[in-house]
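*Asks:* Quick one: this structure, given as structure tokens, is what I'll be asking you about.
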Amino acid sequence: MMSPNASVVATQNVTVKITPNDKGNPPGKLTDAEIHFVDGVFAGLKLIGFAIWERRTGAGRNVTFPARQYSVNGERRSFALLRPVADTNAQDTVRDLILAAYTEYEQAA
């Protein structure tokens, strides 16, 4: 079920769902984002765990990708769940798509 404050922006073969962080906790977190697949082999599935954060410097925004945290000898580490096959710039396309969806969400609000 979709939150009453959620926004959905459809582009290409995916839909980006933006859910605002109305509680303000943790500080700096603006929204959660999900990618819903509408075409192809992943149609009907969604990839969750994205978040948009205000940069600490105040200039711009960061997108964090889904990750699994684990610990080794008491040290916390994270394992990225969405990684490029070969081109390390491949994540930039996803990041730009999520930021564009958030910009559309802000303009509609």
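Following the order of the structure tokens, first chain is A, next is B, and so on, with residues numbered from 1 inside each chain and ligands from 1 in the order they appear.
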Contacts of range 59-65 of chain A at 10 Å or less, counting only C-alpha atoms, minus same-chain residues fewer than 4 places along, as a list in words?
*Replies:* Gly28, Lys29, Leu30, Thr31, Asp32, Ala33, Leu47, Ile48, Gly49, Phe50, Ala51, Ile52, Trp53, Glu54, Arg55, Ala80, Leu81, Leu82, Arg83, Gln91, Asp92, Val94, Arg95, Asp96, Ile98 and Leu99 of chain A
*Asks:* Going by DSSP on the backbone, which residues of chain A come out as strand (DSSP E)? List them as a VMD selection string.
*Replies:* chain A and resid 7 to 11 14 to 20 29 to 37 46 to 54 61 to 64 67 to 72 75 to 80
*Asks:* Would you pick out the contacts of Ala101 in chain A at 7 Å or less, using only C-alpha atoms, so that residues sharing its chain but fewer than 3 positions from it are not included, and give the list as a PyMOL selection string?
*Replies:* chain A and resi 9+16+97-98+104-105
*Asks:* For the selection you just gave me, I'd like the residues written to a file as a short mmCIF file (atom, residue, chain, number, x, y, z; two decimals), in the first residue's frame, keeping C-alpha atoms.
*Replies:*
```cif
data_model
loop_
_atom_site.label_atom_id
_atom_site.label_comp_id
_atom_site.auth_asym_id
_atom_site.auth_seq_id
_atom_site.Cartn_x
_atom_site.Cartn_y
_atom_site.Cartn_z
CA VAL A 9 7.54 8.97 -11.40
CA VAL A 16 10.75 5.40 -9.35
CA LEU A 97 17.21 8.72 -12.58
CA ILE A 98 16.46 8.76 -8.84
CA GLU A 104 9.92 16.10 -10.24
CA TYR A 105 8.48 15.19 -6.83
#
```
*Asks:* As a list of chain:residue names, please: the residues near Ala43 in chain A (cut-off 12 Å, only C-alpha atoms, same-chain neighbours under 5 positions excluded).
*Replies:* A:Asn13, A:Val14, A:Thr15, A:Ile35, A:His36, A:Phe37, A:Val38
*Asks:* List every residue of range 18-109 of chain A that DSSP, applied to the backbone, labels as helix (DSSP H, G or I), and write the result as a list of chain:residue names.
*Replies:*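 Answer for range 18-109 of chain A restricted to helix (DSSP H, G or I) is A:Ala90, A:Gln91, A:Asp92, A:Thr93, A:Val94, A:Arg95, A:Asp96, A:Leu97, A:Ile98, A:Leu99, A:Ala100, A:Ala101, A:Tyr102, A:Thr103, A:Glu104, A:Tyr105, A:Glu106, A:Gln107, A:Ala108.
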*Asks:* Write the residues of the selection above to a file with C-alpha atoms, as a compact mmCIF listing (two decimals), in the first residue's frame.
*Replies:*
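And here's again13.txt as it stands now:
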```txt
# COMPACT_ATOMS: atom_id res chain seq x y z
CA ALA A 90 26.74 2.39 -14.79
CA GLN A 91 25.47 3.38 -11.34
CA ASP A 92 25.47 7.04 -12.38
CA THR A 93 22.50 6.39 -14.67
CA VAL A 94 20.48 4.96 -11.78
CA ARG A 95 21.59 7.77 -9.46
CA ASP A 96 20.60 10.41 -12.04
CA LEU A 97 17.21 8.72 -12.58
CA ILE A 98 16.46 8.76 -8.84
CA LEU A 99 17.57 12.39 -8.47
CA ALA A 100 15.44 13.39 -11.48
CA ALA A 101 12.43 11.66 -9.93
CA TYR A 102 13.04 13.54 -6.68
CA THR A 103 13.28 16.85 -8.56
CA GLU A 104 9.92 16.10 -10.24
CA TYR A 105 8.48 15.19 -6.83
CA GLU A 106 9.68 18.51 -5.35
CA GLN A 107 8.23 20.52 -8.23
CA ALA A 108 4.86 18.78 -7.89
```
*Asks:* Tell me, in Å to one decimal, how far CA of Thr88 in chain A is from CA of Ala67 in chain A.
*Replies:* 16.8 Å
*Asks:* Which residue gives the smallest distance to Gly40 in chain A among A:Thr19, A:Thr57, A:Gln12, A:Ser78, with only C-alpha atoms counted?
*Replies:*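 Selected residue with least distance to Gly40 in chain A: A:Gln12.
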